[in-house]
>>> print(open('final.pdb').read())   # PDB, C-alpha atoms
ATOM      1  CA  MET A   1     -31.448 107.558-136.518
ATOM      2  CA  GLY A   2     -30.947 105.038-133.770
ATOM      3  CA  TRP A   3     -28.763 102.058-133.040
ATOM      4  CA  PHE A   4     -26.080 101.996-135.745
ATOM      5  CA  GLY A   5     -28.210 103.817-138.300
ATOM      6  CA  ARG A   6     -31.503 101.987-137.725
ATOM      7  CA  LYS A   7     -34.490 104.249-137.194
ATOM      8  CA  ARG A   8     -36.021 103.662-133.788
ATOM      9  CA  ASP A   9     -39.719 104.386-133.317
ATOM     10  CA  ALA A  10     -40.906 106.307-130.274
ATOM     11  CA  PRO A  11     -42.088 103.993-127.468
ATOM     12  CA  ASP A  12     -45.822 103.602-127.125
ATOM     13  CA  ALA A  13     -47.709 104.099-123.859
ATOM     14  CA  SER A  14     -47.650 100.417-122.866
ATOM     15  CA  GLU A  15     -43.855 100.230-123.331
ATOM     16  CA  MET A  16     -43.333 103.374-121.229
ATOM     17  CA  LEU A  17     -45.633 101.961-118.524
ATOM     18  CA  ARG A  18     -43.732  98.646-118.526
ATOM     19  CA  ALA A  19     -40.395 100.453-118.135
ATOM     20  CA  TYR A  20     -41.783 102.594-115.311
ATOM     21  CA  ASN A  21     -43.229  99.572-113.485
ATOM     22  CA  GLU A  22     -39.933  97.683-113.722
ATOM     23  CA  ALA A  23     -37.966 100.678-112.410
ATOM     24  CA  GLU A  24     -40.423 101.255-109.570
ATOM     25  CA  ALA A  25     -40.384  97.563-108.590
ATOM     26  CA  ALA A  26     -36.574  97.607-108.495
ATOM     27  CA  ARG A  27     -36.612 100.763-106.365
ATOM     28  CA  LEU A  28     -39.114  99.279-103.907
ATOM     29  CA  ASN A  29     -37.136  96.032-103.670
ATOM     30  CA  GLY A  30     -34.038  98.093-102.876
ATOM     31  CA  LEU A  31     -35.886  99.971-100.142
ATOM     32  CA  ALA A  32     -37.214  96.727 -98.665
ATOM     33  CA  ALA A  33     -33.686  95.314 -98.597
ATOM     34  CA  GLY A  34     -32.464  98.420 -96.750
ATOM     35  CA  SER A  35     -30.209  99.632 -99.541
ATOM     36  CA  ALA A  36     -30.010 103.418 -99.245
ATOM     37  CA  SER A  37     -28.025 103.769-102.470
ATOM     38  CA  SER A  38     -30.854 102.305-104.570
ATOM     39  CA  THR A  39     -32.831 105.539-104.211
ATOM     40  CA  LEU A  40     -30.053 107.640-105.761
ATOM     41  CA  PRO A  41     -29.817 108.171-109.505
ATOM     42  CA  PRO A  42     -26.969 106.205-111.158
ATOM     43  CA  SER A  43     -25.001 109.397-111.866
ATOM     44  CA  THR A  44     -24.590 110.118-108.140
ATOM     45  CA  LEU A  45     -23.503 106.645-107.076
ATOM     46  CA  SER A  46     -19.844 106.114-106.288
ATOM     47  CA  THR A  47     -18.823 103.390-108.718
ATOM     48  CA  SER A  48     -15.093 103.985-109.041
ATOM     49  CA  GLY A  49     -14.216 100.619-107.490
ATOM     50  CA  VAL A  50     -16.777  98.676-109.502
ATOM     51  CA  ILE A  51     -16.141 100.210-112.930
ATOM     52  CA  MET A  52     -12.725  98.582-113.184
ATOM     53  CA  GLY A  53     -14.196  95.050-113.193
ATOM     54  CA  ASP A  54     -15.399  92.958-116.090
ATOM     55  CA  GLY A  55     -18.589  94.217-117.671
ATOM     56  CA  GLU A  56     -22.031  92.704-117.926
ATOM     57  CA  LEU A  57     -25.111  93.759-119.896
ATOM     58  CA  ILE A  58     -28.634  92.317-119.760
ATOM     59  CA  VAL A  59     -30.126  92.169-123.261
ATOM     60  CA  GLU A  60     -33.336  94.166-123.756
ATOM     61  CA  ASP A  61     -33.645  93.950-127.542
ATOM     62  CA  VAL A  62     -31.876  92.371-130.524
ATOM     63  CA  PHE A  63     -31.596  93.725-134.083
ATOM     64  CA  THR A  64     -30.001  92.408-137.242
ATOM     65  CA  ILE A  65     -28.785  95.217-139.473
ATOM     66  CA  THR A  66     -28.007  94.305-143.073
ATOM     67  CA  GLY A  67     -24.375  94.948-143.871
ATOM     68  CA  ARG A  68     -23.426  95.591-140.234
ATOM     69  CA  GLY A  69     -24.344  92.560-138.155
ATOM     70  CA  LEU A  70     -26.088  91.868-134.872
ATOM     71  CA  VAL A  71     -26.906  94.681-132.434
ATOM     72  CA  VAL A  72     -28.033  94.031-128.864
ATOM     73  CA  THR A  73     -29.345  96.806-126.649
ATOM     74  CA  GLY A  74     -29.539  97.012-122.892
ATOM     75  CA  LYS A  75     -28.153  98.571-119.744
ATOM     76  CA  VAL A  76     -24.672  97.916-118.385
ATOM     77  CA  ASN A  77     -25.247  96.713-114.836
ATOM     78  CA  VAL A  78     -21.716  95.661-113.821
ATOM     79  CA  GLY A  79     -18.251  96.912-114.711
ATOM     80  CA  ARG A  80     -17.125  98.227-118.091
ATOM     81  CA  LEU A  81     -17.518  97.017-121.685
ATOM     82  CA  ARG A  82     -15.046  98.113-124.377
ATOM     83  CA  VAL A  83     -14.807  97.802-128.140
ATOM     84  CA  GLY A  84     -12.671  94.741-128.875
ATOM     85  CA  ASP A  85     -13.637  92.849-125.707
ATOM     86  CA  ALA A  86     -14.241  89.128-126.115
ATOM     87  CA  VAL A  87     -17.666  88.435-124.611
ATOM     88  CA  ALA A  88     -19.759  85.408-123.714
ATOM     89  CA  VAL A  89     -23.515  85.131-124.157
ATOM     90  CA  VAL A  90     -25.018  83.523-121.057
ATOM     91  CA  ARG A  91     -28.553  82.124-120.942
ATOM     92  CA  GLY A  92     -29.653  80.810-117.572
ATOM     93  CA  ALA A  93     -26.566  79.278-115.995
ATOM     94  CA  SER A  94     -24.798  78.174-119.167
ATOM     95  CA  GLU A  95     -22.661  79.980-121.706
ATOM     96  CA  ILE A  96     -24.274  79.505-125.121
ATOM     97  CA  ALA A  97     -21.910  81.449-127.395
ATOM     98  CA  SER A  98     -18.876  83.700-127.522
ATOM     99  CA  THR A  99     -18.180  86.678-129.760
ATOM    100  CA  GLU A 100     -16.479  90.079-129.812
ATOM    101  CA  ILE A 101     -17.759  93.648-129.428
ATOM    102  CA  THR A 102     -17.014  95.518-132.664
ATOM    103  CA  GLY A 103     -18.874  98.733-131.809
ATOM    104  CA  ILE A 104     -20.684 100.582-129.017
ATOM    105  CA  GLU A 105     -23.282 103.314-129.459
ATOM    106  CA  MET A 106     -24.934 105.492-126.790
ATOM    107  CA  PHE A 107     -27.564 108.110-127.544
ATOM    108  CA  ARG A 108     -26.854 107.993-131.295
ATOM    109  CA  LYS A 109     -23.115 108.545-130.784
ATOM    110  CA  ARG A 110     -20.299 106.032-131.098
ATOM    111  CA  ALA A 111     -18.298 105.262-127.967
ATOM    112  CA  ASP A 112     -15.184 103.266-127.091
ATOM    113  CA  GLU A 113     -16.515 102.016-123.772
ATOM    114  CA  ALA A 114     -19.642 101.789-121.646
ATOM    115  CA  VAL A 115     -19.802 101.802-117.846
ATOM    116  CA  ILE A 116     -22.393 101.049-115.169
ATOM    117  CA  GLY A 117     -25.779 102.613-115.853
ATOM    118  CA  ASP A 118     -25.202 103.317-119.556
ATOM    119  CA  MET A 119     -27.978 102.365-121.987
ATOM    120  CA  VAL A 120     -26.072 101.096-125.018
ATOM    121  CA  GLY A 121     -26.229  99.249-128.291
ATOM    122  CA  LEU A 122     -23.463  96.695-128.835
ATOM    123  CA  LEU A 123     -22.508  95.615-132.342
ATOM    124  CA  LEU A 124     -21.377  91.981-132.131
ATOM    125  CA  ARG A 125     -19.157  90.067-134.562
ATOM    126  CA  GLY A 126     -20.755  87.209-136.495
ATOM    127  CA  THR A 127     -24.157  85.634-136.051
ATOM    128  CA  VAL A 128     -24.986  84.667-132.502
ATOM    129  CA  ASP A 129     -28.227  83.331-131.021
ATOM    130  CA  VAL A 130     -29.139  86.110-128.571
ATOM    131  CA  ALA A 131     -32.564  86.744-127.022
ATOM    132  CA  ARG A 132     -34.099  89.213-124.575
ATOM    133  CA  GLY A 133     -32.991  88.387-121.036
ATOM    134  CA  ASP A 134     -29.634  86.887-122.023
ATOM    135  CA  VAL A 135     -26.517  88.286-120.376
ATOM    136  CA  ILE A 136     -23.533  89.589-122.353
ATOM    137  CA  ARG A 137     -20.501  89.185-120.090
ATOM    138  CA  VAL A 138     -16.820  89.870-120.685
ATOM    139  CA  ALA A 139     -15.202  86.468-121.222
ATOM    140  CA  THR A 140     -12.808  85.388-118.514
ATOM    141  CA  SER A 141      -9.374  84.363-119.738
ATOM    142  CA  ALA A 142      -8.458  80.879-118.574
TER
END
>>> encode(input="final.pdb", output="structure tokens")
Amino acid sequence: MGWFGRKRDAPDASEMLRAYNEAEAARLNGLAAGSASSTLPPSTLSTSGVIMGDGELIVEDVFTITGRGLVVTGKVNVGRLRVGDAVAVVRGASEIASTEITGIEMFRKRADEAVIGDMVGLLLRGTVDVARGDVIRVATSA
């Protein structure tokens, strides 16, 4: 089983190669910029000051699960996301929708929160127009 009960097929060779190329390009860009921390795995980075901020996730895939709702998958790249957080869907520079996180799943287990570096599936309330590359960001209270 995979994201919220949906069976996830094993990635094929082209998908694994794409993921490797993206990771390697990011690592090389970090080295070129002189960032020493970019060569360390996420588990060894000191993120205690950053985790407390508002969370952000870049959408990698989108699923609609009958009876459950919309699930977006991706990696948390800033802060922390929690169940119950009001979030905004950002495409380009504009906010296109707002919704709420009703569930988080990591490695086939439910979780209450996700922090930097976690690969997660977010169950979102309602029907929202979300596509690969969109950003799910914790909504700022005005």
>>> residues_around(input="final.pdb", residues="stretch 79-86 of chain A", least_positions_apart="4", cutoff="9 Å", atoms="all atoms listed in the file", output="list in words")
Thr47, Val50, Ile51, Met52, Gly53, Asp54, Gly55, Glu56, Leu57, Ser98, Thr99, Glu100, Ile101, Thr102, Gly103, Ile104, Ala111, Asp112, Glu113, Ala114, Val115, Ile116, Leu122, Arg137, Val138, Ala139 and Thr140 of chain A
>>> residues_near_point(input="final.pdb", point="(-27.9, 81.1, -121.0)", cutoff="10 Å", atoms="only C-alpha atoms", output="PyMOL selection string")
chain A and resi 88-97+130-131+133-136
>>> closest_residue(input="final.pdb", among="A:Leu70, A:Lys75, A:Ala19, A:Glu105", to="A:Gly126", atoms="all atoms listed in the file")
A:Leu70
>>> closest_residue(input="final.pdb", among="A:Gly117, A:Phe63, A:Asp129, A:Arg108", to="A:Val78", atoms="only C-alpha atoms")
A:Gly117
>>> atom_distance(input="final.pdb", atom1="atom CA of A:Ile65", atom2="atom CA of A:Thr127")
11.2 Å
>>> atom_distance(input="final.pdb", atom1="atom CA of A:Asp118", atom2="atom CA of A:Ile58")
11.5 Å
>>> closest_residue(input="final.pdb", among="A:Ala33, A:Ala26, A:Gly121, A:Ser14", to="A:Val71", atoms="only C-alpha atoms")
A:Gly121
>>> closest_residue(input="final.pdb", among="A:Met106, A:Met119, A:Val62, A:Ala32", to="A:Asn77", atoms="only C-alpha atoms")
A:Met119
>>> closest_residue(input="final.pdb", among="A:Asp61, A:Phe107, A:Tyr20, A:Val128", to="A:Val87", atoms="all atoms listed in the file")
A:Val128
>>> atom_distance(input="final.pdb", atom1="atom CA of A:Val59", atom2="atom CA of A:Arg132")
5.1 Å
